[in-house]
file model_26.cif (mmCIF, N, CA and C atoms and all ligand atoms)
data_final
#
loop_
_atom_site.label_atom_id
_atom_site.label_comp_id
_atom_site.auth_asym_id
_atom_site.auth_seq_id
_atom_site.Cartn_x
_atom_site.Cartn_y
_atom_site.Cartn_z
N MET A 29 -133.21 175.70 -19.54
CA MET A 29 -133.01 176.70 -20.56
C MET A 29 -132.51 176.00 -21.83
N SER A 30 -133.03 176.36 -22.96
CA SER A 30 -132.57 175.77 -24.22
C SER A 30 -131.83 176.83 -25.02
N PRO A 31 -130.95 176.37 -25.94
CA PRO A 31 -130.23 177.36 -26.73
C PRO A 31 -131.22 178.15 -27.57
N GLY A 32 -130.80 179.36 -27.97
CA GLY A 32 -131.70 180.25 -28.70
C GLY A 32 -132.32 179.58 -29.93
N LYS A 33 -133.51 180.03 -30.26
CA LYS A 33 -134.24 179.45 -31.38
C LYS A 33 -133.44 179.59 -32.68
N PHE A 34 -132.71 180.71 -32.81
CA PHE A 34 -131.95 180.92 -34.05
C PHE A 34 -130.87 179.85 -34.23
N LEU A 35 -130.36 179.32 -33.09
CA LEU A 35 -129.34 178.27 -33.21
C LEU A 35 -129.96 176.96 -33.67
N GLN A 36 -131.20 176.73 -33.27
CA GLN A 36 -131.88 175.51 -33.71
C GLN A 36 -132.16 175.58 -35.20
N GLN A 37 -132.32 176.79 -35.71
CA GLN A 37 -132.65 176.96 -37.13
C GLN A 37 -131.41 177.09 -38.00
N ASP A 38 -130.25 177.26 -37.40
CA ASP A 38 -129.03 177.47 -38.18
C ASP A 38 -127.92 176.52 -37.69
N PRO A 39 -127.93 175.28 -38.20
CA PRO A 39 -126.95 174.29 -37.73
C PRO A 39 -125.49 174.71 -37.96
N ALA A 40 -125.22 175.44 -39.04
CA ALA A 40 -123.85 175.86 -39.32
C ALA A 40 -123.37 176.84 -38.25
N LYS A 41 -124.24 177.77 -37.88
CA LYS A 41 -123.86 178.74 -36.85
C LYS A 41 -123.72 178.05 -35.50
N ARG A 42 -124.58 177.10 -35.24
CA ARG A 42 -124.49 176.36 -33.98
C ARG A 42 -123.15 175.62 -33.91
N ALA A 43 -122.75 174.99 -35.01
CA ALA A 43 -121.48 174.26 -35.04
C ALA A 43 -120.31 175.21 -34.80
N MET A 44 -120.36 176.38 -35.43
CA MET A 44 -119.29 177.37 -35.22
C MET A 44 -119.25 177.82 -33.77
N LEU A 45 -120.43 178.06 -33.20
CA LEU A 45 -120.49 178.52 -31.81
C LEU A 45 -119.94 177.46 -30.86
N LEU A 46 -120.36 176.21 -31.05
CA LEU A 46 -119.91 175.15 -30.14
C LEU A 46 -118.40 174.96 -30.23
N THR A 47 -117.86 175.07 -31.44
CA THR A 47 -116.42 174.95 -31.61
C THR A 47 -115.70 176.12 -30.96
N ALA A 48 -116.21 177.33 -31.18
CA ALA A 48 -115.58 178.52 -30.60
C ALA A 48 -115.61 178.45 -29.08
N LEU A 49 -116.71 177.96 -28.51
CA LEU A 49 -116.80 177.85 -27.06
C LEU A 49 -115.78 176.83 -26.54
N TYR A 50 -115.63 175.74 -27.27
CA TYR A 50 -114.67 174.72 -26.86
C TYR A 50 -113.24 175.29 -26.85
N VAL A 51 -112.91 175.99 -27.93
CA VAL A 51 -111.56 176.59 -28.03
C VAL A 51 -111.35 177.61 -26.91
N ALA A 52 -112.36 178.44 -26.67
CA ALA A 52 -112.24 179.46 -25.61
C ALA A 52 -112.08 178.80 -24.25
N GLN A 53 -112.80 177.74 -24.02
CA GLN A 53 -112.70 177.04 -22.73
C GLN A 53 -111.30 176.45 -22.54
N GLU A 54 -110.76 175.90 -23.63
CA GLU A 54 -109.40 175.37 -23.55
C GLU A 54 -108.42 176.49 -23.23
N GLN A 55 -108.64 177.65 -23.82
CA GLN A 55 -107.71 178.77 -23.65
C GLN A 55 -107.82 179.41 -22.27
N TYR A 56 -109.05 179.59 -21.78
CA TYR A 56 -109.25 180.31 -20.52
C TYR A 56 -109.40 179.38 -19.32
N GLY A 57 -109.63 178.10 -19.54
CA GLY A 57 -109.85 177.17 -18.44
C GLY A 57 -111.33 176.98 -18.17
N TYR A 58 -112.09 178.05 -18.34
CA TYR A 58 -113.56 178.00 -18.27
C TYR A 58 -114.07 179.21 -19.03
N LEU A 59 -115.35 179.28 -19.25
CA LEU A 59 -115.90 180.36 -20.07
C LEU A 59 -116.13 181.61 -19.21
N THR A 60 -115.07 182.38 -19.11
CA THR A 60 -115.13 183.64 -18.35
C THR A 60 -116.04 184.62 -19.09
N PRO A 61 -116.50 185.67 -18.41
CA PRO A 61 -117.27 186.70 -19.12
C PRO A 61 -116.51 187.26 -20.32
N GLU A 62 -115.18 187.40 -20.16
CA GLU A 62 -114.36 187.91 -21.27
C GLU A 62 -114.38 186.92 -22.45
N ALA A 63 -114.28 185.63 -22.15
CA ALA A 63 -114.30 184.62 -23.21
C ALA A 63 -115.65 184.62 -23.93
N ILE A 64 -116.72 184.74 -23.17
CA ILE A 64 -118.07 184.79 -23.75
C ILE A 64 -118.18 186.01 -24.69
N GLN A 65 -117.68 187.13 -24.20
CA GLN A 65 -117.75 188.37 -24.99
C GLN A 65 -116.95 188.24 -26.28
N ARG A 66 -115.78 187.64 -26.20
CA ARG A 66 -114.94 187.50 -27.40
C ARG A 66 -115.60 186.59 -28.43
N VAL A 67 -116.18 185.48 -27.95
CA VAL A 67 -116.88 184.57 -28.86
C VAL A 67 -118.06 185.30 -29.51
N ALA A 68 -118.80 186.05 -28.71
CA ALA A 68 -119.96 186.78 -29.23
C ALA A 68 -119.53 187.76 -30.32
N GLU A 69 -118.45 188.49 -30.06
CA GLU A 69 -117.97 189.48 -31.05
C GLU A 69 -117.52 188.79 -32.33
N ARG A 70 -116.79 187.70 -32.18
CA ARG A 70 -116.28 186.99 -33.36
C ARG A 70 -117.40 186.44 -34.24
N LEU A 71 -118.49 186.01 -33.60
CA LEU A 71 -119.58 185.38 -34.36
C LEU A 71 -120.74 186.33 -34.64
N GLY A 72 -120.59 187.58 -34.19
CA GLY A 72 -121.65 188.56 -34.43
C GLY A 72 -122.94 188.22 -33.70
N MET A 73 -122.78 187.73 -32.48
CA MET A 73 -123.95 187.36 -31.67
C MET A 73 -123.96 188.20 -30.40
N SER A 74 -125.05 188.14 -29.66
CA SER A 74 -125.08 188.83 -28.37
C SER A 74 -124.43 187.92 -27.32
N ALA A 75 -123.81 188.56 -26.34
CA ALA A 75 -123.18 187.79 -25.25
C ALA A 75 -124.24 186.97 -24.52
N LEU A 76 -125.44 187.49 -24.44
CA LEU A 76 -126.53 186.78 -23.75
C LEU A 76 -126.84 185.45 -24.47
N ASP A 77 -126.90 185.49 -25.81
CA ASP A 77 -127.17 184.26 -26.57
C ASP A 77 -126.03 183.26 -26.41
N VAL A 78 -124.80 183.76 -26.40
CA VAL A 78 -123.65 182.86 -26.25
C VAL A 78 -123.67 182.24 -24.86
N ARG A 79 -123.94 183.04 -23.84
CA ARG A 79 -123.98 182.54 -22.46
C ARG A 79 -125.11 181.50 -22.30
N GLU A 80 -126.23 181.77 -22.92
CA GLU A 80 -127.36 180.85 -22.85
C GLU A 80 -127.00 179.50 -23.47
N ALA A 81 -126.33 179.53 -24.63
CA ALA A 81 -125.92 178.28 -25.27
C ALA A 81 -124.89 177.56 -24.41
N ALA A 82 -123.93 178.30 -23.86
CA ALA A 82 -122.88 177.69 -23.04
C ALA A 82 -123.46 177.01 -21.81
N SER A 83 -124.47 177.60 -21.22
CA SER A 83 -125.03 176.99 -20.01
C SER A 83 -125.96 175.82 -20.33
N PHE A 84 -126.39 175.70 -21.58
CA PHE A 84 -127.26 174.58 -21.96
C PHE A 84 -126.48 173.27 -22.10
N TYR A 85 -125.27 173.35 -22.64
CA TYR A 85 -124.48 172.14 -22.91
C TYR A 85 -123.57 171.82 -21.74
N SER A 86 -123.63 170.55 -21.28
CA SER A 86 -122.92 170.17 -20.06
C SER A 86 -121.40 170.14 -20.22
N MET A 87 -120.90 170.17 -21.47
CA MET A 87 -119.44 170.10 -21.63
C MET A 87 -118.76 171.45 -21.44
N TYR A 88 -119.56 172.50 -21.28
CA TYR A 88 -118.96 173.82 -21.08
C TYR A 88 -118.99 174.21 -19.62
N ARG A 89 -117.92 174.87 -19.21
CA ARG A 89 -117.79 175.31 -17.82
C ARG A 89 -117.97 176.82 -17.77
N THR A 90 -118.92 177.27 -17.00
CA THR A 90 -119.17 178.70 -16.91
C THR A 90 -118.67 179.30 -15.59
N LYS A 91 -117.96 178.49 -14.81
CA LYS A 91 -117.32 179.01 -13.60
C LYS A 91 -116.06 178.19 -13.34
N PRO A 92 -115.15 178.71 -12.51
CA PRO A 92 -113.91 177.98 -12.26
C PRO A 92 -114.20 176.60 -11.69
N MET A 93 -113.44 175.63 -12.14
CA MET A 93 -113.65 174.26 -11.67
C MET A 93 -112.32 173.59 -11.41
N GLY A 94 -112.40 172.37 -10.89
CA GLY A 94 -111.19 171.61 -10.63
C GLY A 94 -110.50 171.20 -11.92
N ARG A 95 -109.28 170.73 -11.76
CA ARG A 95 -108.52 170.28 -12.93
C ARG A 95 -109.26 169.17 -13.67
N TYR A 96 -109.92 168.30 -12.91
CA TYR A 96 -110.70 167.22 -13.50
C TYR A 96 -112.17 167.39 -13.10
N VAL A 97 -113.02 167.47 -14.10
CA VAL A 97 -114.46 167.61 -13.85
C VAL A 97 -115.09 166.23 -14.06
N LEU A 98 -115.60 165.68 -12.96
CA LEU A 98 -116.22 164.35 -12.99
C LEU A 98 -117.71 164.55 -13.22
N GLN A 99 -118.19 164.14 -14.38
CA GLN A 99 -119.61 164.27 -14.70
C GLN A 99 -120.25 162.89 -14.66
N VAL A 100 -121.00 162.64 -13.61
CA VAL A 100 -121.66 161.34 -13.45
C VAL A 100 -123.05 161.43 -14.06
N CYS A 101 -123.36 160.46 -14.91
CA CYS A 101 -124.66 160.46 -15.58
C CYS A 101 -125.75 160.00 -14.62
N GLU A 102 -126.79 160.80 -14.57
CA GLU A 102 -127.98 160.44 -13.76
C GLU A 102 -129.17 160.13 -14.66
N GLY A 103 -128.90 159.86 -15.94
CA GLY A 103 -129.97 159.56 -16.87
C GLY A 103 -130.65 158.23 -16.54
N LEU A 104 -131.73 157.96 -17.23
CA LEU A 104 -132.56 156.80 -16.90
C LEU A 104 -131.80 155.47 -17.00
N SER A 105 -131.05 155.27 -18.10
CA SER A 105 -130.33 154.01 -18.27
C SER A 105 -129.31 153.81 -17.16
N CYS A 106 -128.58 154.85 -16.84
CA CYS A 106 -127.58 154.73 -15.78
C CYS A 106 -128.27 154.52 -14.43
N HIS A 107 -129.39 155.16 -14.25
CA HIS A 107 -130.14 154.98 -13.01
C HIS A 107 -130.63 153.53 -12.90
N LEU A 108 -131.18 153.00 -14.01
CA LEU A 108 -131.68 151.62 -13.98
C LEU A 108 -130.55 150.61 -13.82
N ALA A 109 -129.36 150.97 -14.28
CA ALA A 109 -128.21 150.08 -14.11
C ALA A 109 -127.68 150.16 -12.68
N GLU A 110 -128.41 150.86 -11.83
CA GLU A 110 -128.05 151.06 -10.43
C GLU A 110 -126.68 151.69 -10.29
N GLY A 111 -126.37 152.57 -11.26
CA GLY A 111 -125.06 153.20 -11.24
C GLY A 111 -125.07 154.61 -10.71
N ALA A 112 -126.04 155.38 -11.13
CA ALA A 112 -126.00 156.82 -10.86
C ALA A 112 -125.91 157.12 -9.36
N ASP A 113 -126.88 156.67 -8.61
CA ASP A 113 -126.89 157.00 -7.18
C ASP A 113 -125.68 156.42 -6.47
N THR A 114 -125.35 155.18 -6.82
CA THR A 114 -124.20 154.53 -6.17
C THR A 114 -122.91 155.29 -6.46
N LEU A 115 -122.72 155.66 -7.73
CA LEU A 115 -121.49 156.38 -8.09
C LEU A 115 -121.42 157.75 -7.43
N VAL A 116 -122.52 158.46 -7.47
CA VAL A 116 -122.52 159.80 -6.86
C VAL A 116 -122.26 159.70 -5.37
N ASP A 117 -122.93 158.77 -4.69
CA ASP A 117 -122.72 158.61 -3.25
C ASP A 117 -121.27 158.23 -2.95
N TYR A 118 -120.73 157.36 -3.77
CA TYR A 118 -119.35 156.91 -3.56
C TYR A 118 -118.37 158.08 -3.74
N LEU A 119 -118.56 158.83 -4.82
CA LEU A 119 -117.66 159.96 -5.08
C LEU A 119 -117.81 161.05 -4.01
N LYS A 120 -119.02 161.27 -3.53
CA LYS A 120 -119.23 162.25 -2.46
C LYS A 120 -118.44 161.85 -1.22
N GLN A 121 -118.53 160.57 -0.89
CA GLN A 121 -117.84 160.06 0.30
C GLN A 121 -116.32 160.08 0.10
N LYS A 122 -115.88 159.69 -1.07
CA LYS A 122 -114.45 159.59 -1.37
C LYS A 122 -113.78 160.96 -1.45
N LEU A 123 -114.46 161.92 -2.06
CA LEU A 123 -113.85 163.22 -2.30
C LEU A 123 -114.26 164.28 -1.28
N HIS A 124 -115.24 163.94 -0.41
CA HIS A 124 -115.75 164.88 0.61
C HIS A 124 -116.32 166.14 -0.02
N ILE A 125 -117.01 165.97 -1.14
CA ILE A 125 -117.70 167.09 -1.77
C ILE A 125 -119.07 166.62 -2.26
N LYS A 126 -119.94 167.59 -2.52
CA LYS A 126 -121.25 167.30 -3.08
C LYS A 126 -121.22 167.73 -4.55
N PRO A 127 -122.19 167.27 -5.34
CA PRO A 127 -122.26 167.74 -6.73
C PRO A 127 -122.26 169.27 -6.78
N GLY A 128 -121.46 169.80 -7.68
CA GLY A 128 -121.35 171.25 -7.82
C GLY A 128 -120.16 171.81 -7.06
N GLU A 129 -119.51 170.97 -6.24
CA GLU A 129 -118.39 171.46 -5.44
C GLU A 129 -117.05 170.94 -5.98
N THR A 130 -115.98 171.61 -5.53
CA THR A 130 -114.62 171.27 -5.94
C THR A 130 -113.81 170.90 -4.71
N THR A 131 -112.95 169.91 -4.84
CA THR A 131 -112.12 169.51 -3.70
C THR A 131 -111.19 170.67 -3.31
N ARG A 132 -110.79 170.68 -2.05
CA ARG A 132 -109.96 171.78 -1.55
C ARG A 132 -108.63 171.91 -2.29
N ASP A 133 -108.12 170.79 -2.79
CA ASP A 133 -106.86 170.86 -3.52
C ASP A 133 -107.05 171.31 -4.96
N GLY A 134 -108.30 171.56 -5.37
CA GLY A 134 -108.57 172.05 -6.73
C GLY A 134 -108.46 170.97 -7.80
N LEU A 135 -108.38 169.72 -7.38
CA LEU A 135 -108.17 168.66 -8.36
C LEU A 135 -109.47 168.18 -9.00
N PHE A 136 -110.53 168.04 -8.20
CA PHE A 136 -111.77 167.44 -8.72
C PHE A 136 -112.98 168.33 -8.48
N THR A 137 -113.82 168.40 -9.51
CA THR A 137 -115.17 168.97 -9.37
C THR A 137 -116.13 167.86 -9.69
N LEU A 138 -117.16 167.71 -8.87
CA LEU A 138 -118.17 166.67 -9.09
C LEU A 138 -119.44 167.31 -9.65
N GLN A 139 -119.93 166.73 -10.73
CA GLN A 139 -121.19 167.20 -11.33
C GLN A 139 -122.06 165.99 -11.64
N THR A 140 -123.36 166.22 -11.72
CA THR A 140 -124.25 165.21 -12.25
C THR A 140 -124.86 165.77 -13.53
N VAL A 141 -125.01 164.91 -14.52
CA VAL A 141 -125.53 165.34 -15.83
C VAL A 141 -126.58 164.34 -16.30
N GLN A 142 -127.31 164.72 -17.30
CA GLN A 142 -128.33 163.86 -17.88
C GLN A 142 -127.85 163.27 -19.18
N CYS A 143 -127.61 162.01 -19.23
CA CYS A 143 -127.26 161.23 -20.41
C CYS A 143 -126.00 161.70 -21.14
N LEU A 144 -125.03 160.81 -21.16
CA LEU A 144 -123.76 161.05 -21.85
C LEU A 144 -123.73 160.31 -23.18
N ALA A 145 -124.89 159.93 -23.67
CA ALA A 145 -125.02 159.21 -24.95
C ALA A 145 -124.26 157.89 -24.92
N SER A 146 -124.26 157.25 -23.78
CA SER A 146 -123.60 155.96 -23.62
C SER A 146 -124.52 155.00 -22.87
N CYS A 147 -125.80 155.09 -23.18
CA CYS A 147 -126.82 154.35 -22.41
C CYS A 147 -126.61 152.84 -22.48
N GLY A 148 -126.10 152.33 -23.62
CA GLY A 148 -125.91 150.89 -23.78
C GLY A 148 -124.78 150.35 -22.94
N THR A 149 -123.92 151.23 -22.46
CA THR A 149 -122.77 150.81 -21.66
C THR A 149 -122.79 151.54 -20.31
N SER A 150 -123.97 151.73 -19.80
CA SER A 150 -124.10 152.42 -18.51
C SER A 150 -123.70 151.47 -17.37
N PRO A 151 -123.34 152.02 -16.23
CA PRO A 151 -123.29 153.44 -15.91
C PRO A 151 -122.05 154.13 -16.49
N ALA A 152 -122.20 155.42 -16.74
CA ALA A 152 -121.15 156.17 -17.42
C ALA A 152 -120.79 157.45 -16.67
N MET A 153 -119.56 157.86 -16.89
CA MET A 153 -119.06 159.11 -16.30
C MET A 153 -118.07 159.71 -17.28
N ARG A 154 -118.10 161.01 -17.42
CA ARG A 154 -117.11 161.68 -18.25
C ARG A 154 -116.17 162.47 -17.34
N VAL A 155 -114.88 162.38 -17.63
CA VAL A 155 -113.89 163.18 -16.91
C VAL A 155 -113.21 164.04 -17.96
N ASN A 156 -113.47 165.33 -17.89
CA ASN A 156 -113.03 166.27 -18.94
C ASN A 156 -113.50 165.73 -20.30
N ASP A 157 -112.58 165.34 -21.18
CA ASP A 157 -113.00 164.87 -22.50
C ASP A 157 -113.05 163.35 -22.62
N THR A 158 -112.83 162.64 -21.54
CA THR A 158 -112.77 161.18 -21.60
C THR A 158 -114.04 160.55 -21.01
N LEU A 159 -114.62 159.63 -21.78
CA LEU A 159 -115.82 158.94 -21.33
C LEU A 159 -115.44 157.58 -20.75
N TYR A 160 -115.96 157.28 -19.57
CA TYR A 160 -115.75 155.98 -18.93
C TYR A 160 -117.09 155.27 -18.88
N GLU A 161 -117.09 154.01 -19.31
CA GLU A 161 -118.34 153.25 -19.39
C GLU A 161 -118.27 151.99 -18.55
N ASN A 162 -119.43 151.35 -18.37
CA ASN A 162 -119.52 150.11 -17.59
C ASN A 162 -118.81 150.26 -16.25
N LEU A 163 -119.07 151.35 -15.57
CA LEU A 163 -118.31 151.65 -14.36
C LEU A 163 -118.69 150.77 -13.18
N THR A 164 -117.69 150.47 -12.40
CA THR A 164 -117.87 149.83 -11.11
C THR A 164 -117.13 150.70 -10.10
N LEU A 165 -117.35 150.47 -8.83
CA LEU A 165 -116.65 151.27 -7.82
C LEU A 165 -115.14 151.02 -7.88
N ASP A 166 -114.74 149.80 -8.19
CA ASP A 166 -113.31 149.50 -8.33
C ASP A 166 -112.69 150.32 -9.47
N ARG A 167 -113.42 150.42 -10.59
CA ARG A 167 -112.90 151.22 -11.72
C ARG A 167 -112.83 152.69 -11.35
N VAL A 168 -113.80 153.16 -10.59
CA VAL A 168 -113.76 154.55 -10.16
C VAL A 168 -112.52 154.80 -9.31
N ASP A 169 -112.22 153.86 -8.42
CA ASP A 169 -111.00 153.99 -7.61
C ASP A 169 -109.77 154.07 -8.49
N MET A 170 -109.71 153.21 -9.50
CA MET A 170 -108.54 153.21 -10.40
C MET A 170 -108.44 154.52 -11.17
N ILE A 171 -109.57 155.02 -11.63
CA ILE A 171 -109.58 156.29 -12.37
C ILE A 171 -109.08 157.42 -11.48
N LEU A 172 -109.59 157.49 -10.25
CA LEU A 172 -109.16 158.56 -9.35
C LEU A 172 -107.67 158.45 -9.06
N GLN A 173 -107.22 157.23 -8.87
CA GLN A 173 -105.80 157.02 -8.60
C GLN A 173 -104.94 157.47 -9.78
N GLU A 174 -105.36 157.12 -11.00
CA GLU A 174 -104.62 157.56 -12.20
C GLU A 174 -104.60 159.08 -12.30
N LEU A 175 -105.74 159.70 -12.05
CA LEU A 175 -105.82 161.15 -12.17
C LEU A 175 -104.96 161.85 -11.11
N ARG A 176 -104.82 161.20 -9.97
CA ARG A 176 -103.97 161.78 -8.92
C ARG A 176 -102.49 161.56 -9.23
N GLY A 177 -102.24 160.82 -10.31
CA GLY A 177 -100.85 160.60 -10.71
C GLY A 177 -100.21 159.41 -10.05
N GLY A 178 -101.03 158.53 -9.51
CA GLY A 178 -100.44 157.37 -8.84
C GLY A 178 -100.97 156.14 -9.39
S1 LIG B 1 -128.55 157.53 -19.36
FE1 LIG B 1 -126.47 157.49 -18.79
S2 LIG B 1 -125.46 157.50 -20.68
FE2 LIG B 1 -127.53 157.69 -21.24
#

call {"tool": "encode", "arguments": {"input": "model_26.cif", "output": "structure tokens", "more": "lines below"}}
Ligand code: FES
result
Amino acid sequence: MSPGKFLQQDPAKRAMLLTALYVAQEQYGYLTPEAIQRVAERLGMSALDVREAASFYSMYRTKPMGRYVLQVCEGLSCHLAEGADTLVDYLKQKLHIKPGETTRDGLFTLQTVQCLASCGTSPAMRVNDTLYENLTLDRVDMILQELRGG
């Protein structure tokens, strides 16, 4: 699904929408139906158009997720760097979840995404707003340990 055609034709409105969605997500934790409705009302758009845009961009959460959302890039560069499959398999084994799932303690959600715009430093993974590049399994272990507070 791609964002509405009107957003492609109106960069200023798209920028306002993306910012409003970001702020709403920070406020609500994820883009609840209420958050979508409020953004739509503020920007004079339909809730359907706002929801469509929110589901198109991987940085927005449209359902409850863990405190840390691990987005592993499965794009071509990361795949060729032999990172994507290895990282996803490792995280699945380490966290006992599959992509799209959240750990029982609510700490981690695992997702796979297409290209984090870091192809030159692949493999890459984003955790919430932080991008990690040139990943190795050892670095993944360190990142998980830091996020767990240890
Ligand atoms: S393909 Fe992974 S960052 Fe672009």

call {"tool": "residues_near_ligand", "arguments": {"input": "model_26.cif", "ligand": "ligand LIG 1 (chain B)", "cutoff": "7 Å", "atoms": "only N, CA and C atoms and all ligand atoms", "output": "ChimeraX atom specification"}}
result
/A:101-107,142-152

call {"tool": "atom_distance", "arguments": {"input": "model_26.cif", "atom1": "atom CA of Ala52 of chain A", "atom2": "atom CA of Ala75 of chain A"}}
result
13.8 Å

call {"tool": "atom_distance", "arguments": {"input": "model_26.cif", "atom1": "atom C of Met44 of chain A", "atom2": "atom N of Leu71 of chain A"}}
result
8.2 Å

call {"tool": "atom_distance", "arguments": {"input": "model_26.cif", "atom1": "atom CA of Asp117 of chain A", "atom2": "atom CA of Thr158 of chain A"}}
result
21.0 Å

call {"tool": "select_by_dssp", "arguments": {"input": "model_26.cif", "residues": "segment 34-141 of chain A", "states": "strand (DSSP E or B)", "output": "PDB file with N, CA and C atoms, keeping the file's coordinate frame"}}
result
ATOM      1  N   TYR A  96    -109.920 168.300 -12.910  1.00  0.00           N
ATOM      2  CA  TYR A  96    -110.700 167.220 -13.500  1.00  0.00           C
ATOM      3  C   TYR A  96    -112.170 167.390 -13.100  1.00  0.00           C
ATOM      4  N   VAL A  97    -113.020 167.470 -14.100  1.00  0.00           N
ATOM      5  CA  VAL A  97    -114.460 167.610 -13.850  1.00  0.00           C
ATOM      6  C   VAL A  97    -115.090 166.230 -14.060  1.00  0.00           C
ATOM      7  N   LEU A  98    -115.600 165.680 -12.960  1.00  0.00           N
ATOM      8  CA  LEU A  98    -116.220 164.350 -12.990  1.00  0.00           C
ATOM      9  C   LEU A  98    -117.710 164.550 -13.220  1.00  0.00           C
ATOM     10  N   GLN A  99    -118.190 164.140 -14.380  1.00  0.00           N
ATOM     11  CA  GLN A  99    -119.610 164.270 -14.700  1.00  0.00           C
ATOM     12  C   GLN A  99    -120.250 162.890 -14.660  1.00  0.00           C
ATOM     13  N   VAL A 100    -121.000 162.640 -13.610  1.00  0.00           N
ATOM     14  CA  VAL A 100    -121.660 161.340 -13.450  1.00  0.00           C
ATOM     15  C   VAL A 100    -123.050 161.430 -14.060  1.00  0.00           C
ATOM     16  N   CYS A 101    -123.360 160.460 -14.910  1.00  0.00           N
ATOM     17  CA  CYS A 101    -124.660 160.460 -15.580  1.00  0.00           C
ATOM     18  C   CYS A 101    -125.750 160.000 -14.620  1.00  0.00           C
ATOM     19  N   THR A 130    -115.980 171.610  -5.530  1.00  0.00           N
ATOM     20  CA  THR A 130    -114.620 171.270  -5.940  1.00  0.00           C
ATOM     21  C   THR A 130    -113.810 170.900  -4.710  1.00  0.00           C
ATOM     22  N   PHE A 136    -110.530 168.040  -8.200  1.00  0.00           N
ATOM     23  CA  PHE A 136    -111.770 167.440  -8.720  1.00  0.00           C
ATOM     24  C   PHE A 136    -112.980 168.330  -8.480  1.00  0.00           C
ATOM     25  N   THR A 137    -113.820 168.400  -9.510  1.00  0.00           N
ATOM     26  CA  THR A 137    -115.170 168.970  -9.370  1.00  0.00           C
ATOM     27  C   THR A 137    -116.130 167.860  -9.690  1.00  0.00           C
ATOM     28  N   LEU A 138    -117.160 167.710  -8.870  1.00  0.00           N
ATOM     29  CA  LEU A 138    -118.170 166.670  -9.090  1.00  0.00           C
ATOM     30  C   LEU A 138    -119.440 167.310  -9.650  1.00  0.00           C
ATOM     31  N   GLN A 139    -119.930 166.730 -10.730  1.00  0.00           N
ATOM     32  CA  GLN A 139    -121.190 167.200 -11.330  1.00  0.00           C
ATOM     33  C   GLN A 139    -122.060 165.990 -11.640  1.00  0.00           C
ATOM     34  N   THR A 140    -123.360 166.220 -11.720  1.00  0.00           N
ATOM     35  CA  THR A 140    -124.250 165.210 -12.250  1.00  0.00           C
ATOM     36  C   THR A 140    -124.860 165.770 -13.530  1.00  0.00           C
ATOM     37  N   VAL A 141    -125.010 164.910 -14.520  1.00  0.00           N
ATOM     38  CA  VAL A 141    -125.530 165.340 -15.830  1.00  0.00           C
ATOM     39  C   VAL A 141    -126.580 164.340 -16.300  1.00  0.00           C
TER      40      VAL A 141
END

call {"tool": "residues_around", "arguments": {"input": "model_26.cif", "residues": "Glu174 of chain A", "least_positions_apart": "6", "cutoff": "12 Å", "atoms": "only C-alpha atoms", "output": "ChimeraX atom specification"}}
result
/A:96,155,167-168

call {"tool": "residues_near_point", "arguments": {"input": "model_26.cif", "point": "(-116.9, 186.1, -32.3)", "cutoff": "12 Å", "atoms": "only C-alpha atoms", "output": "list in words"}}
result
Lys41, Met44, Leu45, Leu46, Thr47, Ala48, Leu49, Val51, Ala52, Glu62, Ala63, Ile64, Gln65, Arg66, Val67, Ala68, Glu69, Arg70, Leu71, Gly72, Met73, Ser74, Ala75, Asp77 and Val78 of chain A

call {"tool": "closest_residue", "arguments": {"input": "model_26.cif", "among": "A:Leu135, A:Leu175, A:Ala40, A:Leu163", "to": "Met93 of chain A", "atoms": "only N, CA and C atoms"}}
result
A:Leu135

call {"tool": "closest_residue", "arguments": {"input": "model_26.cif", "among": "A:Ala81, A:Gly111, A:Thr90, A:Leu172", "to": "Pro61 of chain A", "atoms": "all atoms listed in the file"}}
result
A:Thr90

call {"tool": "residues_around", "arguments": {"input": "model_26.cif", "residues": "Arg154 of chain A", "least_positions_apart": "3", "cutoff": "5 Å", "atoms": "only N, CA and C atoms", "output": "list in words"}}
result
Leu98, Gln99, Thr158, Leu159 and Tyr160 of chain A

call {"tool": "closest_residue", "arguments": {"input": "model_26.cif", "among": "A:Ala43, A:Ala109, A:Leu165, A:Leu119", "to": "Thr131 of chain A", "atoms": "only C-alpha atoms"}}
result
A:Leu119

call {"tool": "closest_residue", "arguments": {"input": "model_26.cif", "among": "A:Arg79, A:Arg132, A:Arg42, A:Arg89", "to": "Gly57 of chain A", "atoms": "only N, CA and C atoms"}}
result
A:Arg89
